[in-house]
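Dropping run-v3.tsv in here (TSV, N, CA and C atoms):
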chain	number	residue	atom	x	y	z
B	1	MET	N	0.84	-1.18	0.00
B	1	MET	CA	0.00	0.00	0.00
B	1	MET	C	0.89	1.24	0.00
B	2	GLN	N	0.49	2.20	-0.77
B	2	GLN	CA	1.25	3.44	-0.93
B	2	GLN	C	0.73	4.53	0.01
B	3	TYR	N	1.17	4.49	1.25
B	3	TYR	CA	0.68	5.45	2.25
B	3	TYR	C	1.04	6.89	1.88
B	4	ILE	N	2.24	7.08	1.35
B	4	ILE	CA	2.66	8.43	0.98
B	4	ILE	C	1.76	8.97	-0.14
B	5	ALA	N	1.46	8.14	-1.13
B	5	ALA	CA	0.60	8.56	-2.24
B	5	ALA	C	-0.78	8.95	-1.72
B	6	ILE	N	-1.31	8.15	-0.81
B	6	ILE	CA	-2.63	8.44	-0.25
B	6	ILE	C	-2.60	9.74	0.54
B	7	LEU	N	-1.57	9.94	1.33
B	7	LEU	CA	-1.44	11.17	2.11
B	7	LEU	C	-1.29	12.39	1.20
B	8	VAL	N	-0.45	12.28	0.19
B	8	VAL	CA	-0.29	13.39	-0.75
B	8	VAL	C	-1.59	13.67	-1.49
B	9	GLY	N	-2.28	12.62	-1.91
B	9	GLY	CA	-3.57	12.79	-2.56
B	9	GLY	C	-4.56	13.53	-1.68
B	10	ALA	N	-4.58	13.19	-0.40
B	10	ALA	CA	-5.49	13.86	0.55
B	10	ALA	C	-5.09	15.32	0.76
B	11	VAL	N	-3.81	15.58	0.83
B	11	VAL	CA	-3.35	16.97	1.00
B	11	VAL	C	-3.71	17.80	-0.22
B	12	VAL	N	-3.46	17.25	-1.41
B	12	VAL	CA	-3.80	17.95	-2.65
B	12	VAL	C	-5.31	18.20	-2.73
B	13	ALA	N	-6.09	17.19	-2.40
B	13	ALA	CA	-7.55	17.31	-2.45
B	13	ALA	C	-8.05	18.36	-1.46
B	14	THR	N	-7.49	18.36	-0.26
B	14	THR	CA	-7.89	19.33	0.75
B	14	THR	C	-7.51	20.74	0.34
B	15	ALA	N	-6.31	20.90	-0.21
B	15	ALA	CA	-5.87	22.22	-0.66
B	15	ALA	C	-6.78	22.74	-1.77
B	16	PHE	N	-7.18	21.85	-2.67
B	16	PHE	CA	-8.10	22.24	-3.74
B	16	PHE	C	-9.42	22.72	-3.15
B	17	GLY	N	-9.93	22.00	-2.16
B	17	GLY	CA	-11.18	22.41	-1.52
B	17	GLY	C	-11.08	23.77	-0.86
B	18	PHE	N	-9.96	24.04	-0.19
B	18	PHE	CA	-9.76	25.35	0.42
B	18	PHE	C	-9.78	26.44	-0.65
B	19	LEU	N	-9.09	26.19	-1.74
B	19	LEU	CA	-9.05	27.17	-2.83
B	19	LEU	C	-10.42	27.34	-3.47
B	20	TRP	N	-11.10	26.24	-3.72
B	20	TRP	CA	-12.41	26.26	-4.38
B	20	TRP	C	-13.42	27.10	-3.59
B	21	TYR	N	-13.43	26.91	-2.28
B	21	TYR	CA	-14.40	27.61	-1.44
B	21	TYR	C	-13.84	28.91	-0.85
B	22	SER	N	-12.71	29.35	-1.35
B	22	SER	CA	-12.15	30.61	-0.87
B	22	SER	C	-12.90	31.78	-1.50
B	23	LYS	N	-12.66	32.95	-0.97
B	23	LYS	CA	-13.30	34.15	-1.52
B	23	LYS	C	-12.76	34.49	-2.90
B	24	PHE	N	-11.62	33.90	-3.26
B	24	PHE	CA	-11.05	34.13	-4.58
B	24	PHE	C	-11.79	33.38	-5.68
B	25	LEU	N	-12.43	32.27	-5.32
B	25	LEU	CA	-13.16	31.51	-6.32
B	25	LEU	C	-14.66	31.51	-6.01
B	26	PHE	N	-15.17	30.50	-5.30
B	26	PHE	CA	-16.62	30.35	-5.16
B	26	PHE	C	-17.14	30.50	-3.73
B	27	GLY	N	-16.30	30.96	-2.82
B	27	GLY	CA	-16.72	31.09	-1.42
B	27	GLY	C	-17.90	32.00	-1.21
B	28	LYS	N	-17.88	33.15	-1.85
B	28	LYS	CA	-18.98	34.11	-1.68
B	28	LYS	C	-20.29	33.55	-2.24
B	29	GLN	N	-20.21	32.95	-3.43
B	29	GLN	CA	-21.41	32.37	-4.03
B	29	GLN	C	-21.92	31.20	-3.20
B	30	TRP	N	-21.00	30.37	-2.72
B	30	TRP	CA	-21.39	29.23	-1.89
B	30	TRP	C	-22.12	29.71	-0.64
B	31	MET	N	-21.58	30.75	0.00
B	31	MET	CA	-22.23	31.28	1.20
B	31	MET	C	-23.64	31.76	0.87
B	32	GLU	N	-23.79	32.46	-0.20
B	32	GLU	CA	-25.10	32.98	-0.60
B	32	GLU	C	-26.09	31.85	-0.88
B	33	TYR	N	-25.70	30.89	-1.69
B	33	TYR	CA	-26.61	29.82	-2.11
B	33	TYR	C	-26.90	28.81	-1.00
B	34	SER	N	-25.97	28.67	-0.05
B	34	SER	CA	-26.18	27.69	1.02
B	34	SER	C	-26.82	28.31	2.26
B	35	GLY	N	-27.01	29.62	2.24
B	35	GLY	CA	-27.65	30.28	3.38
B	35	GLY	C	-26.69	30.59	4.52
B	36	GLN	N	-25.40	30.53	4.24
B	36	GLN	CA	-24.41	30.86	5.26
B	36	GLN	C	-24.24	32.38	5.31
B	37	THR	N	-23.83	32.85	6.48
B	37	THR	CA	-23.55	34.28	6.65
B	37	THR	C	-22.19	34.42	7.31
B	38	GLU	N	-21.66	35.62	7.25
B	38	GLU	CA	-20.40	35.90	7.94
B	38	GLU	C	-20.53	35.61	9.43
B	39	GLU	N	-21.70	35.91	9.99
B	39	GLU	CA	-21.93	35.67	11.42
B	39	GLU	C	-21.83	34.19	11.74
B	40	LYS	N	-22.46	33.35	10.92
B	40	LYS	CA	-22.41	31.90	11.15
B	40	LYS	C	-20.97	31.37	11.01
B	41	ILE	N	-20.26	31.90	10.04
B	41	ILE	CA	-18.87	31.49	9.84
B	41	ILE	C	-18.03	31.91	11.04
B	42	ASN	N	-18.25	33.12	11.52
B	42	ASN	CA	-17.50	33.61	12.69
B	42	ASN	C	-17.82	32.81	13.94
B	43	GLU	N	-19.09	32.39	14.08
B	43	GLU	CA	-19.47	31.54	15.22
B	43	GLU	C	-18.74	30.20	15.14
B	44	ALA	N	-18.67	29.63	13.95
B	44	ALA	CA	-17.96	28.36	13.77
B	44	ALA	C	-16.48	28.53	14.08
B	45	LYS	N	-15.90	29.66	13.66
B	45	LYS	CA	-14.49	29.94	13.96
B	45	LYS	C	-14.27	30.05	15.46
B	46	ALA	N	-15.22	30.69	16.15
B	46	ALA	CA	-15.11	30.86	17.59
B	46	ALA	C	-15.17	29.52	18.32
B	47	ARG	N	-15.94	28.58	17.79
B	47	ARG	CA	-16.04	27.24	18.40
B	47	ARG	C	-14.81	26.40	18.13
B	48	GLY	N	-14.04	26.79	17.14
B	48	GLY	CA	-12.81	26.06	16.84
B	48	GLY	C	-12.86	25.39	15.48
B	49	MET	N	-12.34	26.07	14.50
B	49	MET	CA	-12.34	25.53	13.14
B	49	MET	C	-11.34	24.40	12.99
B	50	ALA	N	-10.37	24.32	13.87
B	50	ALA	CA	-9.35	23.26	13.75
B	50	ALA	C	-10.00	21.88	13.78
B	51	LYS	N	-11.00	21.71	14.62
B	51	LYS	CA	-11.70	20.42	14.70
B	51	LYS	C	-12.42	20.11	13.38
B	52	ILE	N	-13.06	21.14	12.83
B	52	ILE	CA	-13.79	20.96	11.57
B	52	ILE	C	-12.83	20.64	10.45
B	53	TYR	N	-11.73	21.41	10.35
B	53	TYR	CA	-10.74	21.15	9.32
B	53	TYR	C	-10.11	19.77	9.50
B	54	GLY	N	-9.86	19.39	10.74
B	54	GLY	CA	-9.28	18.07	11.01
B	54	GLY	C	-10.23	16.95	10.59
B	55	ALA	N	-11.48	17.09	10.93
B	55	ALA	CA	-12.48	16.08	10.56
B	55	ALA	C	-12.62	16.02	9.04
B	56	ASN	N	-12.61	17.18	8.39
B	56	ASN	CA	-12.69	17.22	6.94
B	56	ASN	C	-11.50	16.51	6.31
B	57	PHE	N	-10.32	16.71	6.86
B	57	PHE	CA	-9.13	16.04	6.32
B	57	PHE	C	-9.23	14.53	6.48
B	58	VAL	N	-9.72	14.07	7.61
B	58	VAL	CA	-9.88	12.63	7.82
B	58	VAL	C	-10.86	12.04	6.81
B	59	VAL	N	-11.97	12.72	6.58
B	59	VAL	CA	-12.96	12.25	5.60
B	59	VAL	C	-12.34	12.24	4.20
B	60	THR	N	-11.58	13.27	3.88
B	60	THR	CA	-10.91	13.32	2.58
B	60	THR	C	-9.90	12.19	2.46
B	61	LEU	N	-9.17	11.93	3.52
B	61	LEU	CA	-8.21	10.83	3.54
B	61	LEU	C	-8.90	9.50	3.26
B	62	ILE	N	-10.06	9.30	3.84
B	62	ILE	CA	-10.83	8.07	3.60
B	62	ILE	C	-11.25	8.00	2.13
B	63	SER	N	-11.75	9.11	1.59
B	63	SER	CA	-12.16	9.13	0.18
B	63	SER	C	-10.98	8.81	-0.74
B	64	VAL	N	-9.83	9.39	-0.46
B	64	VAL	CA	-8.65	9.15	-1.30
B	64	VAL	C	-8.21	7.69	-1.16
B	65	PHE	N	-8.29	7.14	0.03
B	65	PHE	CA	-7.96	5.72	0.21
B	65	PHE	C	-8.88	4.84	-0.63
B	66	VAL	N	-10.17	5.16	-0.64
B	66	VAL	CA	-11.14	4.38	-1.43
B	66	VAL	C	-10.82	4.50	-2.92
B	67	ILE	N	-10.50	5.71	-3.37
B	67	ILE	CA	-10.10	5.88	-4.77
B	67	ILE	C	-8.86	5.03	-5.06
B	68	TYR	N	-7.90	5.07	-4.16
B	68	TYR	CA	-6.68	4.26	-4.30
B	68	TYR	C	-7.03	2.78	-4.45
B	69	ARG	N	-7.90	2.29	-3.60
B	69	ARG	CA	-8.27	0.86	-3.64
B	69	ARG	C	-8.96	0.51	-4.96
B	70	PHE	N	-9.84	1.38	-5.43
B	70	PHE	CA	-10.50	1.11	-6.70
B	70	PHE	C	-9.50	1.12	-7.85
B	71	LEU	N	-8.60	2.10	-7.85
B	71	LEU	CA	-7.57	2.13	-8.90
B	71	LEU	C	-6.74	0.85	-8.87
B	72	GLU	N	-6.43	0.40	-7.67
B	72	GLU	CA	-5.66	-0.83	-7.51
B	72	GLU	C	-6.46	-2.05	-7.97
B	73	LEU	N	-7.70	-2.16	-7.52
B	73	LEU	CA	-8.54	-3.31	-7.89
B	73	LEU	C	-8.80	-3.38	-9.39
B	74	LEU	N	-8.98	-2.22	-10.01
B	74	LEU	CA	-9.25	-2.17	-11.44
B	74	LEU	C	-7.96	-2.12	-12.27
B	75	GLN	N	-6.83	-2.13	-11.58
B	75	GLN	CA	-5.51	-2.11	-12.21
B	75	GLN	C	-5.34	-0.90	-13.14
B	76	ILE	N	-5.79	0.23	-12.66
B	76	ILE	CA	-5.66	1.48	-13.42
B	76	ILE	C	-4.33	2.12	-13.05
B	77	THR	N	-3.49	2.35	-14.04
B	77	THR	CA	-2.16	2.89	-13.79
B	77	THR	C	-1.87	4.17	-14.58
B	78	SER	N	-2.80	4.59	-15.41
B	78	SER	CA	-2.57	5.79	-16.22
B	78	SER	C	-3.41	6.95	-15.72
B	79	ILE	N	-2.98	8.15	-16.04
B	79	ILE	CA	-3.74	9.34	-15.67
B	79	ILE	C	-5.09	9.34	-16.38
B	80	VAL	N	-5.10	8.97	-17.64
B	80	VAL	CA	-6.35	8.94	-18.40
B	80	VAL	C	-7.33	7.94	-17.78
B	81	GLY	N	-6.84	6.76	-17.43
B	81	GLY	CA	-7.69	5.75	-16.80
B	81	GLY	C	-8.22	6.21	-15.46
B	82	ALA	N	-7.35	6.86	-14.67
B	82	ALA	CA	-7.77	7.37	-13.36
B	82	ALA	C	-8.84	8.44	-13.52
B	83	CYS	N	-8.65	9.33	-14.49
B	83	CYS	CA	-9.63	10.39	-14.73
B	83	CYS	C	-10.96	9.82	-15.22
B	84	GLU	N	-10.89	8.82	-16.07
B	84	GLU	CA	-12.12	8.18	-16.55
B	84	GLU	C	-12.86	7.51	-15.39
B	85	PHE	N	-12.13	6.81	-14.54
B	85	PHE	CA	-12.76	6.19	-13.36
B	85	PHE	C	-13.43	7.25	-12.50
B	86	VAL	N	-12.72	8.32	-12.19
B	86	VAL	CA	-13.27	9.37	-11.33
B	86	VAL	C	-14.50	9.99	-11.97
B	87	LEU	N	-14.45	10.24	-13.25
B	87	LEU	CA	-15.61	10.85	-13.93
B	87	LEU	C	-16.84	9.97	-13.79
B	88	TRP	N	-16.69	8.66	-14.02
B	88	TRP	CA	-17.84	7.76	-13.89
B	88	TRP	C	-18.31	7.63	-12.44
B	89	ALA	N	-17.37	7.55	-11.51
B	89	ALA	CA	-17.74	7.45	-10.09
B	89	ALA	C	-18.48	8.72	-9.65
B	90	TRP	N	-17.96	9.88	-10.08
B	90	TRP	CA	-18.60	11.16	-9.75
B	90	TRP	C	-20.01	11.21	-10.33
B	91	LEU	N	-20.14	10.83	-11.59
B	91	LEU	CA	-21.44	10.87	-12.25
B	91	LEU	C	-22.43	9.91	-11.60
B	92	GLY	N	-21.97	8.75	-11.17
B	92	GLY	CA	-22.87	7.75	-10.61
B	92	GLY	C	-23.16	7.90	-9.13
B	93	PHE	N	-22.25	8.52	-8.38
B	93	PHE	CA	-22.43	8.61	-6.93
B	93	PHE	C	-22.59	10.04	-6.43
B	94	ILE	N	-21.69	10.91	-6.78
B	94	ILE	CA	-21.73	12.28	-6.24
B	94	ILE	C	-22.90	13.08	-6.82
B	95	VAL	N	-23.04	13.03	-8.14
B	95	VAL	CA	-24.10	13.83	-8.78
B	95	VAL	C	-25.48	13.48	-8.22
B	96	PRO	N	-25.85	12.20	-8.15
B	96	PRO	CA	-27.19	11.91	-7.58
B	96	PRO	C	-27.34	12.36	-6.13
B	97	ILE	N	-26.30	12.20	-5.34
B	97	ILE	CA	-26.38	12.61	-3.93
B	97	ILE	C	-26.51	14.12	-3.82
B	98	GLU	N	-25.74	14.84	-4.62
B	98	GLU	CA	-25.79	16.31	-4.58
B	98	GLU	C	-27.08	16.86	-5.19
B	99	LEU	N	-27.74	16.08	-6.03
B	99	LEU	CA	-29.01	16.54	-6.62
B	99	LEU	C	-30.18	16.42	-5.64
B	100	ASN	N	-30.11	15.51	-4.69
B	100	ASN	CA	-31.22	15.33	-3.77
B	100	ASN	C	-31.64	16.62	-3.05
B	101	PRO	N	-30.71	17.42	-2.52
B	101	PRO	CA	-31.16	18.67	-1.89
B	101	PRO	C	-31.84	19.63	-2.86
B	102	VAL	N	-31.48	19.58	-4.13
B	102	VAL	CA	-32.14	20.42	-5.13
B	102	VAL	C	-33.59	19.96	-5.30
B	103	PHE	N	-33.74	18.64	-5.42
B	103	PHE	CA	-35.09	18.10	-5.65
B	103	PHE	C	-35.97	18.18	-4.41
B	104	TRP	N	-35.43	17.84	-3.24
B	104	TRP	CA	-36.26	17.66	-2.04
B	104	TRP	C	-36.37	18.89	-1.15
B	105	THR	N	-35.33	19.72	-1.13
B	105	THR	CA	-35.39	20.87	-0.22
B	105	THR	C	-35.32	22.21	-0.94
B	106	GLY	N	-35.27	22.17	-2.26
B	106	GLY	CA	-35.28	23.42	-3.01
B	106	GLY	C	-33.97	24.18	-3.01
B	107	LYS	N	-32.87	23.50	-2.71
B	107	LYS	CA	-31.57	24.18	-2.76
B	107	LYS	C	-31.32	24.63	-4.20
B	108	PRO	N	-30.60	25.72	-4.37
B	108	PRO	CA	-30.39	26.26	-5.72
B	108	PRO	C	-29.51	25.35	-6.59
B	109	TRP	N	-29.82	25.35	-7.87
B	109	TRP	CA	-29.00	24.60	-8.84
B	109	TRP	C	-27.57	25.08	-8.81
B	110	LYS	N	-27.37	26.37	-8.60
B	110	LYS	CA	-26.01	26.92	-8.57
B	110	LYS	C	-25.21	26.32	-7.42
B	111	LEU	N	-25.85	26.04	-6.31
B	111	LEU	CA	-25.17	25.38	-5.20
B	111	LEU	C	-24.78	23.96	-5.59
B	112	PHE	N	-25.69	23.27	-6.26
B	112	PHE	CA	-25.37	21.93	-6.77
B	112	PHE	C	-24.14	21.97	-7.67
B	113	ILE	N	-24.09	22.93	-8.56
B	113	ILE	CA	-22.97	23.03	-9.50
B	113	ILE	C	-21.67	23.29	-8.75
B	114	ILE	N	-21.68	24.24	-7.82
B	114	ILE	CA	-20.47	24.55	-7.06
B	114	ILE	C	-19.99	23.33	-6.28
B	115	ASN	N	-20.89	22.70	-5.54
B	115	ASN	CA	-20.50	21.57	-4.69
B	115	ASN	C	-20.09	20.35	-5.51
B	116	SER	N	-20.86	20.01	-6.52
B	116	SER	CA	-20.55	18.78	-7.26
B	116	SER	C	-19.27	18.93	-8.09
B	117	LEU	N	-19.03	20.10	-8.65
B	117	LEU	CA	-17.78	20.30	-9.40
B	117	LEU	C	-16.57	20.33	-8.47
B	118	GLN	N	-16.78	20.78	-7.24
B	118	GLN	CA	-15.67	20.72	-6.28
B	118	GLN	C	-15.28	19.27	-6.02
B	119	TYR	N	-16.27	18.39	-5.87
B	119	TYR	CA	-15.96	16.97	-5.69
B	119	TYR	C	-15.24	16.41	-6.91
B	120	LEU	N	-15.69	16.78	-8.09
B	120	LEU	CA	-15.04	16.28	-9.30
B	120	LEU	C	-13.58	16.71	-9.33
B	121	GLY	N	-13.33	17.98	-9.10
B	121	GLY	CA	-11.94	18.48	-9.09
B	121	GLY	C	-11.10	17.83	-8.01
B	122	THR	N	-11.68	17.69	-6.83
B	122	THR	CA	-10.98	17.06	-5.71
B	122	THR	C	-10.57	15.64	-6.05
B	123	PHE	N	-11.52	14.86	-6.54
B	123	PHE	CA	-11.25	13.46	-6.83
B	123	PHE	C	-10.32	13.30	-8.03
B	124	LEU	N	-10.44	14.17	-9.03
B	124	LEU	CA	-9.52	14.11	-10.17
B	124	LEU	C	-8.09	14.36	-9.73
B	125	LEU	N	-7.89	15.41	-8.95
B	125	LEU	CA	-6.54	15.73	-8.48
B	125	LEU	C	-5.98	14.63	-7.59
B	126	ALA	N	-6.81	14.07	-6.73
B	126	ALA	CA	-6.36	12.98	-5.86
B	126	ALA	C	-5.96	11.77	-6.69
B	127	ALA	N	-6.79	11.42	-7.67
B	127	ALA	CA	-6.50	10.25	-8.50
B	127	ALA	C	-5.24	10.45	-9.32
B	128	ILE	N	-5.05	11.64	-9.85
B	128	ILE	CA	-3.84	11.94	-10.61
B	128	ILE	C	-2.62	11.82	-9.70
B	129	ALA	N	-2.71	12.39	-8.50
B	129	ALA	CA	-1.59	12.27	-7.55
B	129	ALA	C	-1.30	10.82	-7.23
B	130	LEU	N	-2.33	10.03	-7.04
B	130	LEU	CA	-2.14	8.61	-6.71
B	130	LEU	C	-1.42	7.88	-7.84
B	131	VAL	N	-1.81	8.15	-9.07
B	131	VAL	CA	-1.18	7.48	-10.22
B	131	VAL	C	0.27	7.95	-10.40
B	132	LEU	N	0.50	9.23	-10.24
B	132	LEU	CA	1.85	9.77	-10.44
B	132	LEU	C	2.83	9.29	-9.37
B	133	ILE	N	2.37	9.21	-8.14
B	133	ILE	CA	3.26	8.86	-7.03
B	133	ILE	C	3.45	7.34	-6.91
B	134	LYS	N	2.43	6.61	-7.30
B	134	LYS	CA	2.44	5.15	-7.17
B	134	LYS	C	3.59	4.51	-7.84

As C-alpha cells, the full file:
Amino acid sequence: MQYIAILVGAVVATAFGFLWYSKFLFGKQWMEYSGQTEEKINEAKARGMAKIYGANFVVTLISVFVIYRFLELLQITSIVGACEFVLWAWLGFIVPIELNPVFWTGKPWKLFIINSLQYLGTFLLAAIALVLIK
C-alpha cells in the first residue's frame, strides 16, 4: 500500500477544496446559495475551526484511500484511466447525492454546481496524484 501517495492525494484534495471555497473563487457564491452568513462562519471559527478542518481532512483521507483501492482493484495505472474512473464514479455517486437537496429541499441549482464540481476536481486531483506517485 502506498501510504505516501494516499497522504499526498489527501493533502492535494484538501488544498483544492480550500481554494475552491475561498473568496477568490466560489466562497462568496457558496455562502449565498447555502444560506451561510459571515456571522455563522465567525461563530464556527469561535467554536474552533481546527476540529472541523481536522475532521474534513480525515474524511478526505478516507475518500482518497477508497479511490486508491479502486484504482488498484481495477488495475488502473494511467492518468487517463484514473480520470475516466473518477468521472464515472462522480457521475454515478456524487451527482445523484448532490441533486437530492435540489429536488427535495429546493436548494439552488447553482449550489449543486459549485459543490458537485468541487468533488469532481478534488477526486480528479487525488486520482492523478495517486497514479503519479504510485

field: Atomic separation - CA of Ile4 (chain B) relative to CA of Leu91 (chain B), Å
entry: 27.6 Å

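By chain and then residue number, the residues within 7 Å of region 16-26 of chain B are Val11, Val12, Ala13, Gln29, Trp30, Met31, Gln118, Gly121 and Thr122 of chain B, counting all atoms listed in the file and disregarding those fewer than 3 positions away in sequence.
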
- prompt: If we count all atoms listed in the file, what is near Gly9 (chain B) at a cut-off of 7 Å, once residues fewer than 4 positions away on the same chain are taken out, given as an MDAnalysis selection string?
  reply: chainID B and resid 4:5 13:14 60:61 64 125:127 129:130

- request: Record the distance separating atom N of Leu111 (chain B) and CA of Val95 (chain B), expressed in Å with one decimal.
  value: 12.6 Å

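Using all atoms listed in the file, the nearest neighbour of Leu87 (chain B) within the list B:Val58, B:Leu124, B:Tyr53, B:Pro101 is B:Leu124.
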
- request: Go ahead and compute the interatomic distance for atom C of Leu7 (chain B) and atom C of Glu98 (chain B), in Å to one decimal.
  value: 26.9 Å

task: Can you work out which one of B:Ile41, B:Ala82, B:Ile94, B:Phe57 has the shortest atom-to-atom distance to Asn115 (chain B), counting only C-alpha atoms?
output: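 Checking each candidate against Asn115 (chain B), we get B:Ile94 as the closest.
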
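Listed by chain and then by rising number, the residues of region 73-110 of chain B that DSSP assigns to alpha helix (DSSP H) from the backbone are Leu73, Ile79, Val80, Gly81, Ala82, Cys83, Glu84, Phe85, Val86, Leu87, Trp88, Ala89, Val95, Pro96, Ile97, Glu98, Leu99, Asn100, Pro101, Val102, Phe103, Trp104, Thr105, Trp109 and Lys110 of chain B.
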
statement: Shortest contact to Cys83 (chain B), candidates B:Leu120, B:Ile52, B:Val66, B:Leu99, atoms counted only C-alpha atoms, goes to B:Leu120

task: Tell me, as a list in words, which residues lie within 8 Å of Tyr33 (chain B), counting only N, CA and C atoms; anything in the same chain fewer than 4 positions away does not count.
output: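 What passes the distance filter is Gly27, Lys28, Gln29, Lys107, Pro108, Trp109, Lys110, Leu111 and Phe112 of chain B.
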
For region 76-84 of chain B, supply all heavy atoms and format the output as a PDB file, in the coordinates of the input.
ATOM      1  N   ILE B  76      -5.790   0.230 -12.660  1.00  0.00           N
ATOM      2  CA  ILE B  76      -5.660   1.480 -13.420  1.00  0.00           C
ATOM      3  C   ILE B  76      -4.330   2.120 -13.050  1.00  0.00           C
ATOM      4  O   ILE B  76      -4.071   2.394 -11.877  1.00  0.00           O
ATOM      5  CB  ILE B  76      -6.831   2.439 -13.104  1.00  0.00           C
ATOM      6  CG1 ILE B  76      -8.150   1.818 -13.568  1.00  0.00           C
ATOM      7  CG2 ILE B  76      -6.602   3.805 -13.741  1.00  0.00           C
ATOM      8  CD1 ILE B  76      -9.381   2.576 -13.123  1.00  0.00           C
ATOM      9  N   THR B  77      -3.490   2.350 -14.040  1.00  0.00           N
ATOM     10  CA  THR B  77      -2.160   2.890 -13.790  1.00  0.00           C
ATOM     11  C   THR B  77      -1.870   4.170 -14.580  1.00  0.00           C
ATOM     12  O   THR B  77      -0.816   4.758 -14.409  1.00  0.00           O
ATOM     13  CB  THR B  77      -1.080   1.842 -14.127  1.00  0.00           C
ATOM     14  OG1 THR B  77      -1.234   1.466 -15.501  1.00  0.00           O
ATOM     15  CG2 THR B  77      -1.200   0.621 -13.223  1.00  0.00           C
ATOM     16  N   SER B  78      -2.800   4.590 -15.410  1.00  0.00           N
ATOM     17  CA  SER B  78      -2.570   5.790 -16.220  1.00  0.00           C
ATOM     18  C   SER B  78      -3.410   6.950 -15.720  1.00  0.00           C
ATOM     19  O   SER B  78      -4.464   6.750 -15.085  1.00  0.00           O
ATOM     20  CB  SER B  78      -2.902   5.517 -17.684  1.00  0.00           C
ATOM     21  OG  SER B  78      -4.305   5.380 -17.855  1.00  0.00           O
ATOM     22  N   ILE B  79      -2.980   8.150 -16.040  1.00  0.00           N
ATOM     23  CA  ILE B  79      -3.740   9.340 -15.670  1.00  0.00           C
ATOM     24  C   ILE B  79      -5.090   9.340 -16.380  1.00  0.00           C
ATOM     25  O   ILE B  79      -6.112   9.640 -15.769  1.00  0.00           O
ATOM     26  CB  ILE B  79      -2.934  10.617 -15.984  1.00  0.00           C
ATOM     27  CG1 ILE B  79      -1.726  10.727 -15.043  1.00  0.00           C
ATOM     28  CG2 ILE B  79      -3.810  11.856 -15.881  1.00  0.00           C
ATOM     29  CD1 ILE B  79      -0.791  11.868 -15.357  1.00  0.00           C
ATOM     30  N   VAL B  80      -5.100   8.970 -17.640  1.00  0.00           N
ATOM     31  CA  VAL B  80      -6.350   8.940 -18.400  1.00  0.00           C
ATOM     32  C   VAL B  80      -7.330   7.940 -17.780  1.00  0.00           C
ATOM     33  O   VAL B  80      -8.513   8.240 -17.586  1.00  0.00           O
ATOM     34  CB  VAL B  80      -6.099   8.603 -19.891  1.00  0.00           C
ATOM     35  CG1 VAL B  80      -7.409   8.367 -20.629  1.00  0.00           C
ATOM     36  CG2 VAL B  80      -5.296   9.713 -20.552  1.00  0.00           C
ATOM     37  N   GLY B  81      -6.840   6.760 -17.430  1.00  0.00           N
ATOM     38  CA  GLY B  81      -7.690   5.750 -16.800  1.00  0.00           C
ATOM     39  C   GLY B  81      -8.220   6.210 -15.460  1.00  0.00           C
ATOM     40  O   GLY B  81      -9.394   6.007 -15.129  1.00  0.00           O
ATOM     41  N   ALA B  82      -7.350   6.860 -14.670  1.00  0.00           N
ATOM     42  CA  ALA B  82      -7.770   7.370 -13.360  1.00  0.00           C
ATOM     43  C   ALA B  82      -8.840   8.440 -13.520  1.00  0.00           C
ATOM     44  O   ALA B  82      -9.836   8.463 -12.782  1.00  0.00           O
ATOM     45  CB  ALA B  82      -6.565   7.917 -12.598  1.00  0.00           C
ATOM     46  N   CYS B  83      -8.650   9.330 -14.490  1.00  0.00           N
ATOM     47  CA  CYS B  83      -9.630  10.390 -14.730  1.00  0.00           C
ATOM     48  C   CYS B  83     -10.960   9.820 -15.220  1.00  0.00           C
ATOM     49  O   CYS B  83     -12.030  10.283 -14.806  1.00  0.00           O
ATOM     50  CB  CYS B  83      -9.085  11.415 -15.716  1.00  0.00           C
ATOM     51  SG  CYS B  83      -7.740  12.414 -15.050  1.00  0.00           S
ATOM     52  N   GLU B  84     -10.890   8.820 -16.070  1.00  0.00           N
ATOM     53  CA  GLU B  84     -12.120   8.180 -16.550  1.00  0.00           C
ATOM     54  C   GLU B  84     -12.860   7.510 -15.390  1.00  0.00           C
ATOM     55  O   GLU B  84     -14.083   7.654 -15.260  1.00  0.00           O
ATOM     56  CB  GLU B  84     -11.809   7.147 -17.626  1.00  0.00           C
ATOM     57  CG  GLU B  84     -13.043   6.529 -18.216  1.00  0.00           C
ATOM     58  CD  GLU B  84     -12.753   5.524 -19.319  1.00  0.00           C
ATOM     59  OE1 GLU B  84     -11.571   5.260 -19.613  1.00  0.00           O
ATOM     60  OE2 GLU B  84     -13.732   4.993 -19.873  1.00  0.00           O
TER      61      GLU B  84
END
